[in-house]
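Below you'll find the structure, written out as structure tokens, and then a few comments.
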Amino acid sequence: MKILVAVKRVVDYNVKVRAKADGTGVETANVKMSMNPFDEIAVEEAVRMQEAGKAQEIVAISLGVAACQDTIRTALAMGADRGILVETDAELQPLAVAKLLKAVVEKENPDLVILGKQAIDDDANQTGQMLAALLGWPQGTFASKVELGDGTVNVTREIDGGLETVALKLPALVTTDLRLNEPRFVKLPNIMKAKKKPLEVLKPADLGVDVAPRLVTLKVQEPPKRQAGIKVGSVAELVDKLRNEAHVI
Amino acid sequence: MSILVIAEHDNAALKAATLNTVTAAAQLGEDIAILVAGHNCGAVAEAAAQVAGVRKVLVADAPHYAHQLAENTAPLVVGLAGGYTHILAPATAAGKNLLPRVAALLDVAQITDVIQIDGADTFVRPIYAGNVLATVQSKDAVKAMTVRGTAFPAAAASGGSASIEAVAPAADAGVSSFVGQQLTQSDRPELTAARIIVSGGRGMGNGDNFKLLEDVADKLGAAVGASRAAVDAGFVPNDYQVGQTGKVVAPELYVAVGISGAIQHLAGMKDSKVIVAINKDEEAPIFQVADYGLVADLFAAVPELSKELDTLKAAG
Ligand SMILES: Cc1cc2nc3c(=O)[nH]c(=O)nc-3n(C[C@H](O)[C@H](O)[C@H](O)COP(=O)(O)OP(=O)(O)OC[C@H]3O[C@@H](n4cnc5c(N)ncnc54)[C@H](O)[C@@H]3O)c2cc1C
Ligand SMILES: Cc1cc2nc3c(=O)[nH]c(=O)nc-3n(C[C@H](O)[C@H](O)[C@H](O)COP(=O)(O)OP(=O)(O)OC[C@H]3O[C@@H](n4cnc5c(N)ncnc54)[C@H](O)[C@@H]3O)c2cc1C
């Protein structure tokens, strides 16, 4: 069994992102970048499957600028076996990412593809579903539990009312939710080892994919700031304010 | 402009999120159809036909739509898409599972969590946990988008008189099946539809202590929510999570108890009308967005709040 994991380089979740003054995008110069947290969960899940003897090979793939190699190296240090970077400076929207991933899947023939449910920069929550559609594969989105069977995978999904379990025929695609696992910390010797693992670099043109954006970003701005209100001195004062000032209870 | 809205339902009832989506649809045009894909879902179709502003209800009733698996419903929507300029779904777990799959099959972009409609092809959506709003313009022939419920009021559930039309089901894709579900049972309102929400965080200490919040919630007719930390720690089920990667809510009143106010949590509740924070740390970031902040130990403050609400009730 072979697993492909998509790992995206995003602005670290601790960074307070600001819109550029001219409204053309967000300030990303000199900002800390990390692997999308949901993708760490995806890598962790694949590595656990390999450790349990259920998977033989894990391939980590990222799409974007050359610096995405760092993200791939992190995945390799966590336990992935080799990496693929589809290198481009172009803006990639989810449909384009899905098309590029499809081309790689067709070359690599994995049995399982794991992605994050959403990238915490663009918050699109689309790429996995789009890739599954293009491949004609079943999808287990927002996974909190993944159980491999014989030619099938059962995925427990976090839905609005609770949890739902679906059975998917392999090959299948899974997107991770927060409760799937807790990703490991990478140890220094593994970082050294990861440097020696193979990392292949491709271009979108090698894969014959048109990545032209379908959405034009007209402007990017910060929403109006919410003003802090007052501190109340007691519970009785709070209840009085809610009743007689805010009229909400 | 002709708009197809994908209904959210459980074969028995039309979910409220559909009504907010219809309001968004009405801002695009008057020719609005609702698709109800399910099994034995006649009651849902009847309800959808009553929704104000809807012209037509399409019903696809087949066993393989019972659980609305995206592998089966996506080809159905794609088959119907021909006549529409816009396809809208609520930005819920179900909508977000389905619509990207539809969009990819149509070879169009999908626009997630639309909060404002600036024209037939121009939409505003939050990115980076709502720190930034992006205005995007779609160049595709069909605009596929999920609609954030808190940004559009609900359409009236009655007063409409749409026609109901059966559509032929597409084939069962045969690659996925439903195994089971564990739905959280509660008599309280749904988080995304509640007028008041009382949420607890890591400060609650354990799941048992959430009873303190439930007690207050019941006196207020409120829903109970939580931060990610409280869900991760197993205090409450996953469907309680409010935030960037959980549910987005905007009630009249949001009471945050023992929640620090991380940006990812704020992303899910900062559009609430009135925010109350109860936290023992006066530096907690939650106070920066709270209308009323109470610096106190929650284990004293919450029981006291419960008593005050009793007094209020007794006084009428
Ligand atoms: C204002 C603005 C500015 C932008 N600027 C840029 C820019 O300068 N450069 C640029 O490249 N894009 C840019 N984008 C595009 C944006 O980052 C893309 O839309 C994004 O690549 C795809 O959306 P998402 O990651 O939110 O998808 P989601 O569907 O939320 O992602 C889900 C999962 O898909 C996988 N995935 C997605 N993308 C990749 C990837 N690239 N590599 C590996 N796995 C991936 C991951 O597993 C991820 O967890 C910009 C967008 C906006 C709104
Ligand atoms: C990818 C990603 C996605 C995320 N998505 C979400 C999301 O959707 N929603 C979300 O909520 N978080 C999300 N988070 C997590 C977020 O970053 C925070 O870790 C989380 O919100 C913290 O929860 P908390 O406020 O309950 O806990 P803490 O930050 O630990 O805060 C606990 C608070 O309780 C107070 N307290 C403790 N004891 C008492 C007492 N006795 N009386 C009064 N106050 C007390 C403390 O002063 C403190 O302020 C996400 C993180 C990542 C990386």
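If you're wondering about the labels, chains in the structure tokens are A, B, ... by order shown, residues count from 1 in each chain, ligands from 1 in order shown.
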Any chance you could tabulate, as a Markdown table, the residues of chain A at most 8 Å from ligand 1 with each one's nearest atom pair and distance in Å to one decimal, using only C-alpha atoms and all ligand atoms, in chain and rising number order?
| residue | atom | partner | partner_atom_place_in_ligand_line | distance |
| --- | --- | --- | --- | --- |
| A:Val5 | CA | ligand 1 | 47 (O) | 7.0 |
| A:Ala6 | CA | ligand 1 | 44 (N) | 4.1 |
| A:Val7 | CA | ligand 1 | 43 (C) | 4.2 |
| A:Lys8 | CA | ligand 1 | 43 (C) | 3.9 |
| A:Arg9 | CA | ligand 1 | 42 (N) | 6.8 |
| A:Thr24 | CA | ligand 1 | 1 (C) | 6.8 |
| A:Gly25 | CA | ligand 1 | 1 (C) | 4.2 |
| A:Val26 | CA | ligand 1 | 1 (C) | 6.0 |
| A:Asn36 | CA | ligand 1 | 49 (O) | 6.2 |
| A:Pro37 | CA | ligand 1 | 49 (O) | 7.8 |
| A:Phe38 | CA | ligand 1 | 49 (O) | 5.5 |
| A:Asp39 | CA | ligand 1 | 49 (O) | 5.1 |
| A:Ala42 | CA | ligand 1 | 47 (O) | 7.6 |
| A:Ile61 | CA | ligand 1 | 43 (C) | 5.9 |
| A:Ser62 | CA | ligand 1 | 43 (C) | 3.7 |
| A:Leu63 | CA | ligand 1 | 42 (N) | 3.7 |
| A:Gly64 | CA | ligand 1 | 41 (N) | 5.2 |
| A:Val65 | CA | ligand 1 | 11 (O) | 7.1 |
| A:Cys68 | CA | ligand 1 | 42 (N) | 8.0 |
| A:Thr88 | CA | ligand 1 | 11 (O) | 7.8 |
| A:Asp89 | CA | ligand 1 | 11 (O) | 6.6 |
| A:Ala90 | CA | ligand 1 | 11 (O) | 5.9 |
| A:Glu91 | CA | ligand 1 | 10 (C) | 3.8 |
| A:Leu92 | CA | ligand 1 | 11 (O) | 4.6 |
| A:Gln93 | CA | ligand 1 | 19 (O) | 3.7 |
| A:Pro94 | CA | ligand 1 | 22 (C) | 4.2 |
| A:Leu95 | CA | ligand 1 | 22 (C) | 7.9 |
| A:Val97 | CA | ligand 1 | 38 (N) | 5.8 |
| A:Ala98 | CA | ligand 1 | 37 (C) | 7.8 |
| A:Ile114 | CA | ligand 1 | 47 (O) | 7.0 |
| A:Leu115 | CA | ligand 1 | 47 (O) | 3.6 |
| A:Gly116 | CA | ligand 1 | 49 (O) | 3.2 |
| A:Lys117 | CA | ligand 1 | 32 (C) | 5.1 |
| A:Gln118 | CA | ligand 1 | 30 (O) | 3.3 |
| A:Ala119 | CA | ligand 1 | 30 (O) | 3.8 |
| A:Ile120 | CA | ligand 1 | 26 (O) | 6.5 |
| A:Asp121 | CA | ligand 1 | 26 (O) | 5.9 |
| A:Asp122 | CA | ligand 1 | 26 (O) | 3.7 |
| A:Asp123 | CA | ligand 1 | 26 (O) | 4.3 |
| A:Ala124 | CA | ligand 1 | 30 (O) | 3.8 |
| A:Asn125 | CA | ligand 1 | 30 (O) | 3.6 |
| A:Gln126 | CA | ligand 1 | 29 (O) | 3.5 |
| A:Thr127 | CA | ligand 1 | 29 (O) | 3.6 |
| A:Gly128 | CA | ligand 1 | 34 (O) | 5.7 |
| A:Gln129 | CA | ligand 1 | 29 (O) | 7.9 |
| A:Thr175 | CA | ligand 1 | 33 (C) | 7.5 |
| A:Thr176 | CA | ligand 1 | 49 (O) | 8.0 |
| A:Thr217 | CA | ligand 1 | 1 (C) | 6.1 |
| A:Lys219 | CA | ligand 1 | 1 (C) | 7.5 |
| A:Val220 | CA | ligand 1 | 1 (C) | 6.0 |
List the neighbours of Asn131 in chain B out to 9 Å using only C-alpha atoms; skip same-chain residues closer than 3 positions along the sequence, and give me the result as a PyMOL selection string.
(chain A and resi 16-19+221-223) or (chain B and resi 126-128+263+267)
Distance filter 7 Å around ligand 2, atoms: only C-alpha atoms and all ligand atoms, out as a PyMOL selection string
(chain A and resi 13+37-38+120) or (chain B and resi 200-204+226-230+241-246+257-265+268+278-281+284+296-299)
Give the strand (DSSP E) residues of range 87-186 of chain B, as assigned by DSSP on the backbone, as a ChimeraX atom specification.
/B:87-90,110-114,116-117,122-127,132-138,143-147,163-166,176-183
How would the residues just picked look written out with N, CA and C atoms as a tab-separated table (two decimals), in the first residue's frame?
chain	number	residue	atom	x	y	z
B	87	ILE	N	-24.78	27.98	-8.37
B	87	ILE	CA	-25.15	26.85	-7.52
B	87	ILE	C	-24.69	27.17	-6.11
B	88	LEU	N	-25.65	27.19	-5.18
B	88	LEU	CA	-25.35	27.60	-3.81
B	88	LEU	C	-25.65	26.47	-2.83
B	89	ALA	N	-24.78	26.34	-1.84
B	89	ALA	CA	-25.05	25.41	-0.74
B	89	ALA	C	-24.68	26.12	0.55
B	90	PRO	N	-25.31	25.71	1.66
B	90	PRO	CA	-24.89	26.28	2.94
B	90	PRO	C	-23.43	25.90	3.23
B	110	GLN	N	-14.64	27.02	-6.87
B	110	GLN	CA	-15.70	27.07	-5.88
B	110	GLN	C	-15.32	28.18	-4.91
B	111	ILE	N	-16.30	28.90	-4.44
B	111	ILE	CA	-16.02	30.02	-3.55
B	111	ILE	C	-16.62	29.65	-2.19
B	112	THR	N	-15.74	29.60	-1.18
B	112	THR	CA	-16.14	29.10	0.12
B	112	THR	C	-16.56	30.23	1.05
B	113	ASP	N	-17.61	29.99	1.84
B	113	ASP	CA	-17.96	30.90	2.93
B	113	ASP	C	-18.24	32.33	2.48
B	114	VAL	N	-19.06	32.47	1.48
B	114	VAL	CA	-19.39	33.82	0.99
B	114	VAL	C	-20.16	34.58	2.08
B	116	GLN	N	-20.81	38.11	1.54
B	116	GLN	CA	-21.40	39.31	0.93
B	116	GLN	C	-21.42	39.12	-0.58
B	117	ILE	N	-22.50	39.57	-1.21
B	117	ILE	CA	-22.62	39.46	-2.66
B	117	ILE	C	-22.57	40.86	-3.23
B	122	THR	N	-19.19	38.75	-8.23
B	122	THR	CA	-18.24	39.30	-7.27
B	122	THR	C	-18.72	39.06	-5.84
B	123	PHE	N	-17.84	38.45	-5.06
B	123	PHE	CA	-18.24	37.98	-3.73
B	123	PHE	C	-17.15	38.28	-2.71
B	124	VAL	N	-17.57	38.45	-1.46
B	124	VAL	CA	-16.61	38.67	-0.38
B	124	VAL	C	-16.57	37.43	0.50
B	125	ARG	N	-15.35	37.02	0.85
B	125	ARG	CA	-15.19	35.86	1.73
B	125	ARG	C	-14.03	36.08	2.68
B	126	PRO	N	-14.14	35.55	3.90
B	126	PRO	CA	-13.04	35.70	4.85
B	126	PRO	C	-11.92	34.72	4.54
B	127	ILE	N	-10.68	35.15	4.73
B	127	ILE	CA	-9.53	34.24	4.67
B	127	ILE	C	-8.68	34.47	5.93
B	132	VAL	N	-8.81	38.78	7.50
B	132	VAL	CA	-8.80	39.51	6.25
B	132	VAL	C	-10.01	39.09	5.43
B	133	LEU	N	-10.60	40.05	4.71
B	133	LEU	CA	-11.70	39.74	3.81
B	133	LEU	C	-11.21	39.92	2.37
B	134	ALA	N	-11.44	38.91	1.55
B	134	ALA	CA	-11.04	39.00	0.15
B	134	ALA	C	-12.27	39.19	-0.71
B	135	THR	N	-12.19	40.15	-1.65
B	135	THR	CA	-13.25	40.31	-2.64
B	135	THR	C	-12.79	39.62	-3.91
B	136	VAL	N	-13.53	38.60	-4.33
B	136	VAL	CA	-13.09	37.84	-5.49
B	136	VAL	C	-14.13	37.91	-6.60
B	137	GLN	N	-13.61	37.84	-7.83
B	137	GLN	CA	-14.49	37.87	-8.99
B	137	GLN	C	-14.30	36.56	-9.74
B	138	SER	N	-15.40	35.91	-10.07
B	138	SER	CA	-15.31	34.63	-10.75
B	138	SER	C	-15.39	34.82	-12.25
B	143	LYS	N	-21.16	29.82	-11.21
B	143	LYS	CA	-20.55	30.19	-9.94
B	143	LYS	C	-21.04	29.23	-8.87
B	144	ALA	N	-20.10	28.47	-8.33
B	144	ALA	CA	-20.46	27.52	-7.27
B	144	ALA	C	-19.96	28.08	-5.95
B	145	MET	N	-20.86	28.26	-4.99
B	145	MET	CA	-20.39	28.85	-3.74
B	145	MET	C	-21.13	28.34	-2.53
B	146	THR	N	-20.41	28.29	-1.41
B	146	THR	CA	-21.06	27.99	-0.14
B	146	THR	C	-21.28	29.31	0.59
B	147	VAL	N	-22.40	29.38	1.31
B	147	VAL	CA	-22.85	30.63	1.90
B	147	VAL	C	-22.77	30.53	3.42
B	163	SER	N	-43.54	25.11	-7.18
B	163	SER	CA	-43.96	23.82	-7.75
B	163	SER	C	-42.94	22.76	-7.32
B	164	ILE	N	-43.42	21.51	-7.23
B	164	ILE	CA	-42.51	20.42	-6.87
B	164	ILE	C	-42.39	19.49	-8.08
B	165	GLU	N	-41.16	19.22	-8.47
B	165	GLU	CA	-40.91	18.46	-9.68
B	165	GLU	C	-39.96	17.31	-9.36
B	166	ALA	N	-40.30	16.10	-9.73
B	166	ALA	CA	-39.38	14.99	-9.49
B	166	ALA	C	-38.32	14.97	-10.58
B	176	SER	N	-18.90	4.13	-2.32
B	176	SER	CA	-18.94	4.49	-0.91
B	176	SER	C	-20.27	4.06	-0.32
B	177	SER	N	-20.28	3.81	0.98
B	177	SER	CA	-21.55	3.49	1.63
B	177	SER	C	-21.55	4.02	3.05
B	178	PHE	N	-22.76	4.19	3.55
B	178	PHE	CA	-22.95	4.70	4.91
B	178	PHE	C	-22.85	3.55	5.89
B	179	VAL	N	-22.09	3.73	6.97
B	179	VAL	CA	-21.94	2.67	7.97
B	179	VAL	C	-22.76	2.99	9.22
B	180	GLY	N	-22.64	4.20	9.70
B	180	GLY	CA	-23.39	4.55	10.91
B	180	GLY	C	-23.12	5.97	11.33
B	181	GLN	N	-23.87	6.41	12.33
B	181	GLN	CA	-23.62	7.76	12.83
B	181	GLN	C	-23.87	7.83	14.33
B	182	GLN	N	-23.22	8.79	14.94
B	182	GLN	CA	-23.38	9.05	16.36
B	182	GLN	C	-23.74	10.51	16.47
B	183	LEU	N	-25.02	10.81	16.53
B	183	LEU	CA	-25.40	12.22	16.58
B	183	LEU	C	-25.56	12.63	18.03
Show me, as a PyMOL selection string, the residues that have an atom within 6 Å of range 149-155 of chain A when counting only C-alpha atoms, minus same-chain residues fewer than 2 positions from it.
chain A and resi 140+145-147+165-170
Write the residues you've just listed into a file as a PDB file, in the first residue's frame, and include N, CA, C and O atoms for each of them.
ATOM      1  N   GLY A 140     -13.396  10.641   2.076  1.00  0.00           N
ATOM      2  CA  GLY A 140     -13.768  10.652   3.494  1.00  0.00           C
ATOM      3  C   GLY A 140     -13.248  11.945   4.080  1.00  0.00           C
ATOM      4  O   GLY A 140     -12.100  12.027   4.514  1.00  0.00           O
ATOM      5  N   LYS A 145     -11.224   9.448  12.398  1.00  0.00           N
ATOM      6  CA  LYS A 145     -10.739   8.079  12.567  1.00  0.00           C
ATOM      7  C   LYS A 145     -10.665   7.430  11.186  1.00  0.00           C
ATOM      8  O   LYS A 145     -11.592   7.580  10.386  1.00  0.00           O
ATOM      9  N   VAL A 146      -9.575   6.740  10.923  1.00  0.00           N
ATOM     10  CA  VAL A 146      -9.397   6.084   9.627  1.00  0.00           C
ATOM     11  C   VAL A 146      -8.971   4.644   9.885  1.00  0.00           C
ATOM     12  O   VAL A 146      -7.961   4.401  10.529  1.00  0.00           O
ATOM     13  N   GLU A 147      -9.778   3.692   9.422  1.00  0.00           N
ATOM     14  CA  GLU A 147      -9.461   2.275   9.640  1.00  0.00           C
ATOM     15  C   GLU A 147      -9.350   1.563   8.306  1.00  0.00           C
ATOM     16  O   GLU A 147     -10.339   1.429   7.581  1.00  0.00           O
ATOM     17  N   THR A 165     -19.867   7.580  10.034  1.00  0.00           N
ATOM     18  CA  THR A 165     -18.857   6.670   9.482  1.00  0.00           C
ATOM     19  C   THR A 165     -19.287   6.205   8.095  1.00  0.00           C
ATOM     20  O   THR A 165     -20.433   5.806   7.887  1.00  0.00           O
ATOM     21  N   VAL A 166     -18.344   6.288   7.147  1.00  0.00           N
ATOM     22  CA  VAL A 166     -18.604   5.799   5.799  1.00  0.00           C
ATOM     23  C   VAL A 166     -17.548   4.759   5.437  1.00  0.00           C
ATOM     24  O   VAL A 166     -16.434   4.784   5.963  1.00  0.00           O
ATOM     25  N   ALA A 167     -17.935   3.836   4.557  1.00  0.00           N
ATOM     26  CA  ALA A 167     -16.992   2.839   4.043  1.00  0.00           C
ATOM     27  C   ALA A 167     -16.661   3.207   2.607  1.00  0.00           C
ATOM     28  O   ALA A 167     -17.568   3.450   1.808  1.00  0.00           O
ATOM     29  N   LEU A 168     -15.387   3.298   2.303  1.00  0.00           N
ATOM     30  CA  LEU A 168     -14.958   3.697   0.964  1.00  0.00           C
ATOM     31  C   LEU A 168     -14.150   2.572   0.330  1.00  0.00           C
ATOM     32  O   LEU A 168     -13.347   1.922   0.999  1.00  0.00           O
ATOM     33  N   LYS A 169     -14.353   2.379  -0.974  1.00  0.00           N
ATOM     34  CA  LYS A 169     -13.512   1.419  -1.693  1.00  0.00           C
ATOM     35  C   LYS A 169     -12.186   2.077  -2.019  1.00  0.00           C
ATOM     36  O   LYS A 169     -12.148   3.231  -2.449  1.00  0.00           O
ATOM     37  N   LEU A 170     -11.108   1.341  -1.881  1.00  0.00           N
ATOM     38  CA  LEU A 170      -9.797   1.858  -2.279  1.00  0.00           C
ATOM     39  C   LEU A 170      -9.656   1.736  -3.796  1.00  0.00           C
ATOM     40  O   LEU A 170     -10.203   0.792  -4.359  1.00  0.00           O
TER      41      LEU A 170
END
Selected residue of minimal separation from Ala133 in chain A among A:Leu101, A:Lys20, A:Arg157, A:Gly79, counting only C-alpha atoms:
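Nearest candidate to Ala133 in chain A out of A:Leu101, A:Lys20, A:Arg157, A:Gly79: A:Leu101.
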Hey, which of A:Ile84, A:Val10, A:Ala228, A:Pro171 ends up closest to Ala290 in chain B? Count only C-alpha atoms.
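Using only C-alpha atoms, the shortest distance to Ala290 in chain B belongs to A:Ala228.
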Measuring between only C-alpha atoms, which one of A:Ala143, A:Ile230, A:Val105, A:Val86 shows the shortest distance to Asp206 in chain A?
A:Val86
Would you pick out the contacts of His39 in chain B at 8 Å or less, using only C-alpha atoms, so that residues sharing its chain but fewer than 2 positions from it are not included, and give the list as a ChimeraX atom specification?
/B:11,37,41,60-66
Please return, as number ranges by chain, all residues of range 35-220 of chain A that DSSP assigns to helix (DSSP H, G or I) on the basis of the backbone.
A: 37-51, 68-78, 94-108, 127-135, 188-194, 204-207
Residues near Glu190 in chain B, anyone? I mean within 12 Å using only C-alpha atoms, not counting same-chain ones fewer than 6 positions away, as an MDAnalysis selection string.
(chainID A and resid 160:162) or (chainID B and resid 15:17 184 196:197 221:225 239:240 247 249 251)
Contacts of Ala24 in chain B within 8 Å, only C-alpha atoms, excl. fewer than 2 positions in-chain, as a PyMOL selection string
chain B and resi 20-22+26-28+117+147+152
Pick from B:Gly205, B:Pro75, B:Gly159, B:Pro100, whichever lies nearest to chain A using only C-alpha atoms
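Looking only at the distances to chain A, the closest residue turns out to be B:Pro100.
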Can you work out the spacing between CA of Asp172 in chain B and CA of Glu164 in chain A in Å, to one decimal?
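Those two atoms sit 19.6 Å apart.
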Would you list the contacts of Gly208 in chain A as a list in words, taking every protein, DNA or RNA residue within 12 Å and counting only C-alpha atoms, but skipping same-chain residues closer than 3 positions in sequence?
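Listed by chain and then number, they are Val86, Ala96, Lys99, Leu100, Leu101, Lys102, Ala103, Val104, Leu202, Lys203, Pro204, Ala205 and Val211 of chain A.
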Convert the current residue selection to file output with N, CA, C and O atoms, as an mmCIF file, in the first residue's frame.
data_model
loop_
_atom_site.group_PDB
_atom_site.id
_atom_site.type_symbol
_atom_site.label_atom_id
_atom_site.label_comp_id
_atom_site.auth_asym_id
_atom_site.auth_seq_id
_atom_site.Cartn_x
_atom_site.Cartn_y
_atom_site.Cartn_z
ATOM 1 N N VAL A 86 5.977 20.341 -6.873
ATOM 2 C CA VAL A 86 5.568 20.906 -8.149
ATOM 3 C C VAL A 86 5.811 22.406 -8.014
ATOM 4 O O VAL A 86 5.077 23.097 -7.313
ATOM 5 N N ALA A 96 -6.735 24.254 -9.478
ATOM 6 C CA ALA A 96 -5.441 24.024 -10.129
ATOM 7 C C ALA A 96 -4.601 23.048 -9.308
ATOM 8 O O ALA A 96 -3.961 22.137 -9.860
ATOM 9 N N LYS A 99 -5.897 19.636 -9.920
ATOM 10 C CA LYS A 99 -5.518 19.093 -11.235
ATOM 11 C C LYS A 99 -4.062 18.637 -11.246
ATOM 12 O O LYS A 99 -3.730 17.603 -11.839
ATOM 13 N N LEU A 100 -3.200 19.418 -10.595
ATOM 14 C CA LEU A 100 -1.789 19.028 -10.520
ATOM 15 C C LEU A 100 -1.638 17.750 -9.702
ATOM 16 O O LEU A 100 -0.896 16.841 -10.082
ATOM 17 N N LEU A 101 -2.366 17.690 -8.585
ATOM 18 C CA LEU A 101 -2.289 16.492 -7.742
ATOM 19 C C LEU A 101 -2.803 15.273 -8.505
ATOM 20 O O LEU A 101 -2.253 14.180 -8.401
ATOM 21 N N LYS A 102 -3.846 15.482 -9.301
ATOM 22 C CA LYS A 102 -4.392 14.356 -10.082
ATOM 23 C C LYS A 102 -3.316 13.807 -11.020
ATOM 24 O O LYS A 102 -3.129 12.594 -11.123
ATOM 25 N N ALA A 103 -2.598 14.719 -11.673
ATOM 26 C CA ALA A 103 -1.551 14.282 -12.599
ATOM 27 C C ALA A 103 -0.476 13.484 -11.852
ATOM 28 O O ALA A 103 0.014 12.462 -12.352
ATOM 29 N N VAL A 104 -0.140 13.923 -10.649
ATOM 30 C CA VAL A 104 0.873 13.201 -9.868
ATOM 31 C C VAL A 104 0.319 11.847 -9.405
ATOM 32 O O VAL A 104 1.019 10.832 -9.441
ATOM 33 N N LEU A 202 9.196 19.012 -10.029
ATOM 34 C CA LEU A 202 8.511 19.041 -11.323
ATOM 35 C C LEU A 202 7.968 20.439 -11.574
ATOM 36 O O LEU A 202 7.858 21.243 -10.651
ATOM 37 N N LYS A 203 7.606 20.703 -12.834
ATOM 38 C CA LYS A 203 6.946 21.977 -13.168
ATOM 39 C C LYS A 203 5.521 21.653 -13.638
ATOM 40 O O LYS A 203 5.297 20.573 -14.201
ATOM 41 N N PRO A 204 4.595 22.586 -13.418
ATOM 42 C CA PRO A 204 3.228 22.330 -13.894
ATOM 43 C C PRO A 204 3.198 21.915 -15.364
ATOM 44 O O PRO A 204 2.424 21.035 -15.749
ATOM 45 N N ALA A 205 4.086 22.522 -16.188
ATOM 46 C CA ALA A 205 4.089 22.193 -17.614
ATOM 47 C C ALA A 205 4.459 20.723 -17.837
ATOM 48 O O ALA A 205 3.944 20.081 -18.757
ATOM 49 N N VAL A 211 -2.790 26.050 -15.002
ATOM 50 C CA VAL A 211 -3.074 26.456 -13.626
ATOM 51 C C VAL A 211 -3.656 27.870 -13.537
ATOM 52 O O VAL A 211 -3.705 28.463 -12.467
#
Could you tell me which of B:Pro237, B:Pro189, B:Gly174, B:Gly53 comes closest to Gly160 in chain B if we count only C-alpha atoms?
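Of the candidates, the smallest distance to Gly160 in chain B is held by B:Gly53.
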